[in-house]
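**Student:** Input model-v4.txt, format and content: compact mmCIF, C-alpha atoms and all ligand atoms.
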```txt
# COMPACT_ATOMS: atom_id res chain seq x y z
CA MET G 1109 10.89 -9.87 -13.87
CA GLN G 1110 13.37 -10.28 -16.74
CA ASN G 1111 10.64 -11.53 -19.09
CA PHE G 1112 8.15 -8.82 -18.29
CA SER G 1113 8.22 -5.48 -20.06
CA LEU G 1114 6.09 -2.81 -18.43
CA LEU G 1115 6.30 -0.60 -21.50
CA GLN G 1116 5.34 -3.33 -23.98
CA THR G 1117 2.44 -4.38 -21.74
CA LEU G 1118 1.19 -0.78 -21.56
CA LYS G 1119 1.55 -0.43 -25.32
CA SER G 1120 -0.55 -3.56 -25.90
CA ALA G 1121 -3.60 -1.94 -24.30
CA ASN G 1122 -5.77 1.09 -24.93
CA THR G 1123 -7.80 1.41 -21.78
CA ILE G 1124 -5.97 0.76 -18.56
CA LEU G 1125 -7.01 0.58 -14.91
CA ILE G 1126 -4.61 0.90 -11.99
CA VAL G 1127 -5.96 -0.45 -8.71
CA CYS G 1128 -4.34 0.64 -5.46
CA HIS G 1129 -5.29 -1.29 -2.31
CA GLN G 1130 -7.91 -0.33 0.26
CA ARG G 1131 -6.76 2.10 2.96
CA PRO G 1132 -4.13 3.32 0.50
CA ASP G 1133 -0.63 4.15 1.70
CA GLY G 1134 2.28 6.08 0.21
CA ASP G 1135 3.62 2.95 -1.48
CA CYS G 1136 0.54 1.98 -3.49
CA LEU G 1137 -0.28 5.60 -4.34
CA GLY G 1138 3.33 6.39 -5.28
CA ALA G 1139 3.81 3.31 -7.46
CA GLY G 1140 0.30 3.66 -8.92
CA LEU G 1141 0.78 7.33 -9.83
CA ALA G 1142 4.24 6.71 -11.31
CA LEU G 1143 2.66 4.10 -13.58
CA TYR G 1144 -0.18 6.52 -14.35
CA PHE G 1145 2.28 9.21 -15.47
CA LEU G 1146 4.09 6.74 -17.72
CA ALA G 1147 0.85 5.50 -19.31
CA GLU G 1148 -0.36 9.08 -19.77
CA HIS G 1149 2.97 9.96 -21.42
CA ILE G 1150 2.39 7.31 -24.08
CA ASN G 1151 -1.17 8.57 -24.62
CA LYS G 1152 -3.15 5.75 -23.04
CA ASN G 1153 -6.65 6.08 -21.59
CA ILE G 1154 -5.97 5.44 -17.96
CA ASP G 1155 -7.84 5.45 -14.66
CA ILE G 1156 -6.46 4.97 -11.17
CA VAL G 1157 -8.68 3.86 -8.29
CA THR G 1158 -8.77 2.67 -4.70
CA ASP G 1159 -11.81 1.35 -2.86
CA SER G 1160 -11.32 3.82 0.01
CA GLU G 1161 -11.10 7.45 0.88
CA ILE G 1162 -7.64 8.87 0.27
CA PRO G 1163 -5.99 10.04 3.51
CA THR G 1164 -5.68 13.83 3.27
CA HIS G 1165 -1.97 13.77 4.17
CA TYR G 1166 -1.32 12.44 0.65
CA ASN G 1167 -2.99 15.47 -0.94
CA PHE G 1168 0.44 16.94 -1.67
CA MET G 1169 1.23 14.18 -4.16
CA GLU G 1170 1.19 15.31 -7.78
CA GLY G 1171 -1.69 13.64 -9.61
CA ILE G 1172 -3.56 12.62 -6.44
CA SER G 1173 -6.74 14.21 -7.83
CA PHE G 1174 -6.72 11.60 -10.63
CA VAL G 1175 -7.29 8.84 -8.07
CA ASN G 1176 -10.95 7.72 -8.01
CA ASN G 1177 -11.78 10.15 -10.79
CA GLN G 1178 -12.64 7.58 -13.45
CA LYS G 1179 -12.81 9.24 -16.83
CA HIS G 1180 -12.54 6.31 -19.15
CA LYS G 1181 -14.73 3.61 -17.67
CA ARG G 1182 -17.71 4.38 -19.89
CA ASN G 1183 -15.71 5.05 -23.02
CA ALA G 1184 -13.62 1.94 -23.10
CA GLN G 1185 -13.83 0.32 -26.51
CA VAL G 1186 -12.75 -3.20 -25.75
CA PRO G 1187 -13.45 -5.95 -28.29
CA SER G 1188 -15.64 -8.30 -26.27
CA SER G 1189 -13.93 -11.32 -27.81
CA LYS G 1190 -10.74 -10.33 -26.00
CA ILE G 1191 -12.35 -10.38 -22.58
CA VAL G 1192 -12.17 -13.88 -21.24
CA ASP G 1193 -11.25 -15.21 -17.85
CA SER G 1194 -8.88 -18.07 -17.12
CA ASP G 1195 -11.54 -20.60 -18.16
CA ASN G 1196 -11.86 -18.87 -21.51
CA THR G 1197 -15.43 -17.86 -20.81
CA SER G 1198 -16.88 -14.40 -20.65
CA THR G 1199 -16.20 -12.92 -17.22
CA GLY G 1200 -19.33 -10.83 -17.05
CA CYS G 1201 -17.44 -8.66 -14.60
CA HIS G 1202 -16.60 -4.99 -14.69
CA SER G 1203 -13.22 -5.67 -16.27
CA LYS G 1204 -15.00 -5.32 -19.63
CA ARG G 1205 -14.46 -1.63 -19.21
CA TYR G 1206 -10.66 -1.96 -19.43
CA ASP G 1207 -8.33 -4.17 -21.42
CA LEU G 1208 -5.47 -4.05 -18.92
CA CYS G 1209 -5.69 -3.93 -15.12
CA PHE G 1210 -2.78 -3.39 -12.74
CA PHE G 1211 -2.95 -4.27 -9.04
CA ILE G 1212 -0.46 -2.28 -7.02
CA ASP G 1213 0.94 -3.40 -3.64
CA CYS G 1214 -1.93 -5.92 -3.17
CA ALA G 1215 -0.93 -9.20 -1.47
CA ASP G 1216 -4.23 -10.73 -2.62
CA SER G 1217 -7.09 -9.59 -4.82
CA GLY G 1218 -9.24 -8.95 -1.72
CA ARG G 1219 -7.05 -5.93 -0.95
CA ALA G 1220 -8.60 -4.31 -4.01
CA GLY G 1221 -12.05 -4.36 -2.34
CA LYS G 1222 -14.81 -3.72 -4.85
CA PHE G 1223 -12.26 -3.77 -7.69
CA SER G 1224 -11.08 -7.34 -6.94
CA ASP G 1225 -13.17 -8.70 -9.84
CA TYR G 1226 -10.84 -6.97 -12.25
CA ALA G 1227 -8.18 -9.57 -11.41
CA LYS G 1228 -10.17 -11.89 -13.72
CA SER G 1229 -9.47 -9.54 -16.59
CA HIS G 1230 -7.72 -11.25 -19.52
CA LEU G 1231 -4.70 -9.07 -18.86
CA SER G 1232 -4.20 -8.40 -15.16
CA VAL G 1233 -0.82 -7.56 -13.68
CA ASN G 1234 -0.01 -7.82 -9.98
CA ILE G 1235 3.00 -5.72 -8.94
CA ASP G 1236 3.92 -6.24 -5.29
CA HIS G 1237 6.54 -7.03 -2.66
CA HIS G 1238 4.54 -8.90 0.04
CA LYS G 1239 5.91 -12.36 0.68
CA SER G 1240 2.34 -13.52 1.42
CA ASN G 1241 1.27 -12.61 -2.15
CA ASP G 1242 -0.94 -15.36 -3.59
CA TYR G 1243 -0.18 -14.67 -7.29
CA PHE G 1244 -3.82 -13.92 -8.10
CA ALA G 1245 -3.31 -12.18 -11.48
CA LYS G 1246 -2.30 -13.33 -14.97
CA HIS G 1247 1.12 -11.71 -14.62
CA ASN G 1248 2.63 -11.58 -11.15
CA ILE G 1249 5.64 -9.37 -10.59
CA VAL G 1250 6.23 -10.10 -6.90
CA ILE G 1251 9.63 -9.33 -5.39
CA PRO G 1252 9.51 -10.13 -1.64
CA THR G 1253 13.07 -8.87 -1.13
CA ALA G 1254 12.13 -5.38 -2.34
CA SER G 1255 11.58 -2.66 0.27
CA SER G 1256 8.45 -1.41 -1.46
CA THR G 1257 6.33 -1.73 -4.56
CA CYS G 1258 7.84 1.63 -5.56
CA GLU G 1259 11.27 -0.06 -5.68
CA VAL G 1260 9.82 -2.81 -7.92
CA MET G 1261 8.21 -0.15 -10.12
CA TYR G 1262 11.53 1.70 -10.41
CA ASP G 1263 13.29 -1.50 -11.51
CA LEU G 1264 10.60 -2.23 -14.12
CA MET G 1265 10.86 1.28 -15.54
CA GLU G 1266 14.63 1.30 -15.43
CA GLN G 1267 14.77 -2.04 -17.24
CA ASP G 1268 12.63 -0.54 -20.03
CA GLY G 1269 14.90 2.47 -20.42
CA ILE G 1270 12.24 4.97 -19.30
CA PHE G 1271 14.83 7.04 -17.47
CA LYS G 1272 17.05 7.28 -20.52
CA ASN G 1273 14.48 8.20 -23.09
CA ALA G 1274 11.61 10.18 -21.61
CA SER G 1275 11.46 13.90 -20.79
CA HIS G 1276 12.86 15.47 -17.64
CA GLU G 1277 9.34 16.56 -16.63
CA LEU G 1278 8.13 12.94 -16.66
CA HIS G 1279 11.25 11.77 -14.80
CA LYS G 1280 10.64 14.31 -12.06
CA LYS G 1281 6.97 13.36 -11.60
CA ILE G 1282 7.81 9.65 -11.48
CA ALA G 1283 10.77 10.27 -9.14
CA ASN G 1284 8.69 12.19 -6.58
CA SER G 1285 5.92 9.55 -6.68
CA LEU G 1286 8.34 6.66 -6.17
CA LEU G 1287 10.35 8.44 -3.46
CA THR G 1288 7.12 8.96 -1.49
CA GLY G 1289 6.46 5.21 -1.35
CA LEU G 1290 10.10 4.34 -0.73
CA SER G 1291 10.06 6.70 2.24
CA THR G 1292 6.74 5.58 3.78
CA ASP G 1293 7.24 1.81 3.29
CA THR G 1294 10.71 1.91 4.87
CA GLY G 1295 9.66 4.08 7.84
CA HIS G 1296 11.64 6.87 6.28
CA PHE G 1297 14.61 4.59 5.61
CA MET G 1298 14.73 3.04 9.08
CA HIS G 1299 13.35 -0.48 8.48
CA SER G 1300 15.48 -3.60 8.04
CA SER G 1301 14.53 -3.65 4.35
CA VAL G 1302 16.86 -0.69 3.72
CA ASN G 1303 20.00 -1.80 1.91
CA ALA G 1304 22.48 -0.43 -0.59
CA LYS G 1305 20.06 -1.04 -3.47
CA VAL G 1306 17.33 1.00 -1.76
CA MET G 1307 19.71 3.90 -1.16
CA GLN G 1308 21.04 3.62 -4.72
CA THR G 1309 17.45 3.80 -5.99
CA VAL G 1310 16.89 6.90 -3.83
CA ALA G 1311 20.08 8.42 -5.23
CA ASN G 1312 19.00 7.66 -8.82
CA LEU G 1313 15.53 9.12 -8.25
CA THR G 1314 17.06 12.22 -6.66
CA ALA G 1315 19.30 12.64 -9.70
CA LEU G 1316 16.16 12.42 -11.86
CA GLY G 1317 14.68 15.44 -10.09
CA GLY G 1318 13.04 13.95 -6.99
CA ASP G 1319 13.10 16.16 -3.91
CA ILE G 1320 13.35 14.02 -0.75
CA HIS G 1321 13.47 17.10 1.51
CA GLU G 1322 10.18 18.46 0.18
CA ILE G 1323 8.53 15.02 0.32
CA SER G 1324 9.75 14.51 3.91
CA ASN G 1325 8.34 17.89 4.96
CA HIS G 1326 4.95 16.97 3.46
CA LEU G 1327 4.96 13.47 4.94
CA TYR G 1328 6.31 14.10 8.41
CA ARG G 1329 5.86 17.77 9.29
CA THR G 1330 2.29 18.61 8.34
CA LYS G 1331 0.20 16.77 10.92
CA PRO G 1332 -3.11 18.33 11.96
CA LYS G 1333 -3.16 19.18 15.67
CA GLU G 1334 -6.18 16.86 16.20
CA LYS G 1335 -3.96 13.95 15.19
CA ILE G 1336 -1.34 14.86 17.79
CA ALA G 1337 -4.08 15.27 20.43
CA LEU G 1338 -5.40 11.79 19.53
CA LEU G 1339 -1.86 10.39 19.68
CA GLY G 1340 -1.33 11.95 23.12
CA TYR G 1341 -4.55 10.36 24.38
CA ALA G 1342 -3.68 6.96 22.83
CA LEU G 1343 -0.17 6.98 24.33
CA SER G 1344 -1.47 7.91 27.78
CA ASN G 1345 -3.58 4.73 27.64
CA LEU G 1346 -0.87 2.43 26.29
CA LYS G 1347 -0.96 -1.04 27.91
CA PHE G 1348 2.04 -3.30 28.46
CA TYR G 1349 2.19 -7.10 28.75
CA ASN G 1350 4.82 -9.85 29.14
CA ASP G 1351 7.38 -7.80 31.10
CA ASP G 1352 6.82 -4.78 28.87
CA THR G 1353 7.79 -6.68 25.70
CA ILE G 1354 4.32 -6.24 24.19
CA ALA G 1355 2.67 -2.82 23.97
CA ILE G 1356 -0.90 -2.31 22.82
CA LEU G 1357 -2.41 0.96 21.70
CA SER G 1358 -6.21 0.87 21.39
CA LEU G 1359 -8.65 3.37 19.95
CA SER G 1360 -12.44 3.16 19.70
CA LEU G 1361 -14.88 4.96 17.42
CA THR G 1362 -15.86 7.07 20.45
CA ASP G 1363 -12.23 8.18 20.81
CA PHE G 1364 -12.08 9.18 17.14
CA GLU G 1365 -15.26 11.20 17.56
CA LYS G 1366 -13.96 12.91 20.70
CA PHE G 1367 -10.83 14.09 18.84
CA SER G 1368 -12.59 14.90 15.53
CA SER G 1369 -10.43 12.20 13.89
CA SER G 1370 -10.92 8.92 12.09
CA PRO G 1371 -9.06 5.60 11.90
CA LEU G 1372 -7.18 7.12 8.95
CA SER G 1373 -5.46 9.44 11.47
CA THR G 1374 -3.66 6.56 13.18
CA GLU G 1375 -1.05 6.00 10.48
CA GLY G 1376 2.37 6.07 12.17
CA PHE G 1377 1.02 5.76 15.73
CA ILE G 1378 2.41 2.23 16.06
CA ASP G 1379 5.98 3.51 15.72
CA TYR G 1380 5.75 5.15 19.16
CA PRO G 1381 5.22 1.99 21.26
CA LEU G 1382 7.81 0.23 19.06
CA SER G 1383 10.31 2.97 19.94
CA ILE G 1384 10.26 1.90 23.62
CA SER G 1385 13.43 -0.06 24.44
CA SER G 1386 11.77 -3.05 26.13
CA VAL G 1387 9.06 -3.49 23.50
CA LEU G 1388 9.56 -6.33 21.00
CA VAL G 1389 6.09 -6.26 19.45
CA ALA G 1390 3.81 -3.23 19.18
CA ILE G 1391 0.14 -3.63 18.35
CA THR G 1392 -2.66 -1.21 17.54
CA ILE G 1393 -6.28 -2.25 17.89
CA THR G 1394 -8.64 0.23 16.24
CA GLN G 1395 -12.38 -0.12 16.05
CA ALA G 1396 -13.47 -0.08 12.40
CA GLU G 1397 -17.17 -0.52 13.11
CA GLY G 1398 -19.39 -2.01 15.86
CA GLU G 1399 -17.71 -5.35 16.52
CA VAL G 1400 -14.96 -5.20 13.91
CA TYR G 1401 -11.41 -4.32 14.91
CA LYS G 1402 -8.41 -3.66 12.72
CA ILE G 1403 -5.18 -4.96 14.19
CA SER G 1404 -1.70 -3.84 13.15
CA PHE G 1405 1.51 -5.51 14.31
CA ARG G 1406 5.08 -4.20 14.21
CA SER G 1407 8.09 -6.01 15.60
CA LYS G 1408 11.82 -5.72 16.06
CA GLY G 1409 12.35 -9.25 14.72
CA THR G 1410 9.46 -11.53 15.75
CA ASP G 1411 7.68 -12.78 12.62
CA VAL G 1412 4.35 -10.96 13.01
CA SER G 1413 3.16 -12.01 9.53
CA VAL G 1414 2.55 -15.48 11.03
CA ILE G 1415 0.50 -13.95 13.85
CA ALA G 1416 -1.61 -11.88 11.42
CA SER G 1417 -2.17 -14.88 9.16
CA THR G 1418 -3.62 -16.82 12.13
CA PHE G 1419 -6.50 -14.33 11.89
CA GLY G 1420 -6.73 -14.34 8.08
CA GLY G 1421 -4.46 -11.32 7.56
CA GLY G 1422 -0.89 -11.05 6.29
CA GLY G 1423 2.05 -8.80 5.63
CA HIS G 1424 5.76 -8.80 6.32
CA ILE G 1425 7.98 -10.27 9.05
CA ARG G 1426 8.13 -6.98 10.97
CA ALA G 1427 4.86 -5.36 9.84
CA SER G 1428 1.52 -7.07 9.36
CA GLY G 1429 -2.18 -6.67 9.95
CA CYS G 1430 -5.57 -8.36 10.16
CA GLN G 1431 -9.19 -7.81 11.13
CA ILE G 1432 -10.92 -9.55 14.02
CA LYS G 1433 -14.63 -9.58 14.82
CA GLY G 1434 -15.89 -9.54 18.39
CA VAL G 1435 -16.20 -7.29 21.41
CA TYR G 1436 -13.02 -5.47 22.41
CA ASP G 1437 -12.09 -7.60 25.45
CA GLU G 1438 -12.43 -10.83 23.43
CA VAL G 1439 -10.38 -9.42 20.56
CA LEU G 1440 -7.65 -8.33 22.99
CA ASP G 1441 -7.58 -11.78 24.65
CA ARG G 1442 -7.32 -13.55 21.28
CA VAL G 1443 -4.49 -11.30 20.12
CA LEU G 1444 -2.57 -11.70 23.38
CA SER G 1445 -2.94 -15.46 23.63
CA THR G 1446 -1.79 -15.88 20.02
CA ILE G 1447 1.19 -13.56 20.28
CA ARG G 1448 2.39 -15.17 23.52
CA LYS G 1449 2.96 -18.39 21.55
CA PHE G 1450 5.44 -16.61 19.29
CA ILE G 1451 7.30 -14.20 21.54
MN MN G 1501 4.15 -1.70 0.16
```
Since I need it in another form, could you write the structure as structure tokens?
**Tutor:**
Amino acid sequence: MQNFSLLQTLKSANTILIVCHQRPDGDCLGAGLALYFLAEHINKNIDIVTDSEIPTHYNFMEGISFVNNQKHKRNAQVPSSKIVDSDNTSTGCHSKRYDLCFFIDCADSGRAGKFSDYAKSHLSVNIDHHKSNDYFAKHNIVIPTASSTCEVMYDLMEQDGIFKNASHELHKKIANSLLTGLSTDTGHFMHSSVNAKVMQTVANLTALGGDIHEISNHLYRTKPKEKIALLGYALSNLKFYNDDTIAILSLSLTDFEKFSSSPLSTEGFIDYPLSISSVLVAITITQAEGEVYKISFRSKGTDVSVIASTFGGGGHIRASGCQIKGVYDEVLDRVLSTIRKFI
């Protein structure tokens, strides 16, 4: 990180793309928007995208309407000679539209979905904190010990003196964006990743004008009643295995329809089974389409990133995810037989 200057990198480009991962969360949106505000402040042409719908509970975030509202993609004036991939040949990919592409909170380029091609851009920067990160970009700022990509983004900005030199208005916008991701990626400061540095970062961002109380109200006290109805239904069907050490919460597309919800509504559900005293690993299995299921794992210590990677996924020791194809009963059996080897 010492050799990388965020500010100098931004200054070297005219047209910049920020890519947040698919199924965006508070961390990628918060870090992405903070970077957006900085780039905007120094008068860069900048777009911010994610290959997904944005969950409506992030609508409160300042600047959220900029996400997926590409203004500069057709206007980018990039000298074609500058656009080469690692083999020094023309990429022929969409990255021609931008001369600098950031990937935010993406453990691999696949997390960027339809924007993954941009990783081949001559100047791509991967800013992340997943230990499974495969260093897919030209510059890789990956800090696995960081609680969140927002913490990494804070350190990069701090190192460049952004918080000494810019205006209070910019500080406040950046602070609220970064606090959002710090809060969501740490389970509102309850995960094992929370340490003195995290709390010091929160303190610094609060001093810069961030309002953790307002952010917390937006994040945790504004749920639509359909979501709580869906949660009630999901919890009433919770299944336990291995002497109640494993809890599995499952939801199908039919369930989402019945409660006028979508898989996007399930964010945070997994914390409820994990809050049960006997449970060591909590799992959600949600139907994404026909025979495709999205699996999320949370644990109190078991390394669930290993379990997710068995199925081609990844993540952190205590929080990971993957996708499995098959009919529900098969998917459940595969998940259970794998996890029983580790618990
Ligand atoms: Mn993150």
**Student:** Write out as a list in words which residues come within 7 Å of Thr1410 (chain G) when counting all atoms listed in the file, dropping same-chain ones fewer than 3 positions away.
**Tutor:**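 Contacts, in chain order: Ser1407, Ile1425, Arg1426 and Ile1451 of chain G.
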**Student:** Env of Met1265 (chain G): 12 Å cut, atoms = only C-alpha atoms, seq-sep filter 2 positions within chain, self excluded. Answer as an MDAnalysis selection string.
**Tutor:** chainID G and resid 1109:1110 1112:1118 1139 1142:1143 1145:1147 1258:1263 1267:1274 1279 1282:1283 1286 1309 1313
**Student:** Give the answer as one residue: which of G:Ile1162, G:Met1169, G:Leu1208, G:Leu1388 has the shortest atom-to-atom distance to Thr1123 (chain G), using all atoms listed in the file?
**Tutor:**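 Of G:Ile1162, G:Met1169, G:Leu1208, G:Leu1388, the one nearest Thr1123 (chain G) is G:Leu1208, counting all atoms listed in the file.
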**Student:** Kindly compile the residues surrounding ligand MN 1501 (chain G) within 7 Å, counting all atoms listed in the file, and format them as a list in words.
**Tutor:** Asp1135, Cys1136, Asp1213, His1237, Ser1256, Thr1257 and Asp1293 of chain G
**Student:** Select, counting all atoms listed in the file, all protein, DNA and RNA residues no farther than 10 Å from (10.3, -8.8, 13.2) in file coordinates, and express the selection as a VMD selection string.
**Tutor:** chain G and resid 1300 1388 to 1389 1405 to 1413 1424 to 1428
**Student:** Write out as JSON, numbers by chain each polymer residue whose atoms come within 6 Å of Thr1158 (chain G), counting all atoms listed in the file; drop sequence neighbours fewer than 2 positions from it.
**Tutor:** {"G": [1127, 1128, 1129, 1130, 1160]}
**Student:** Could you tell me how far CA of Asp1216 (chain G) lies from CA of Phe1419 (chain G), in Å and to one decimal?
**Tutor:**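 That distance, rounded to one decimal, is 15.1 Å.
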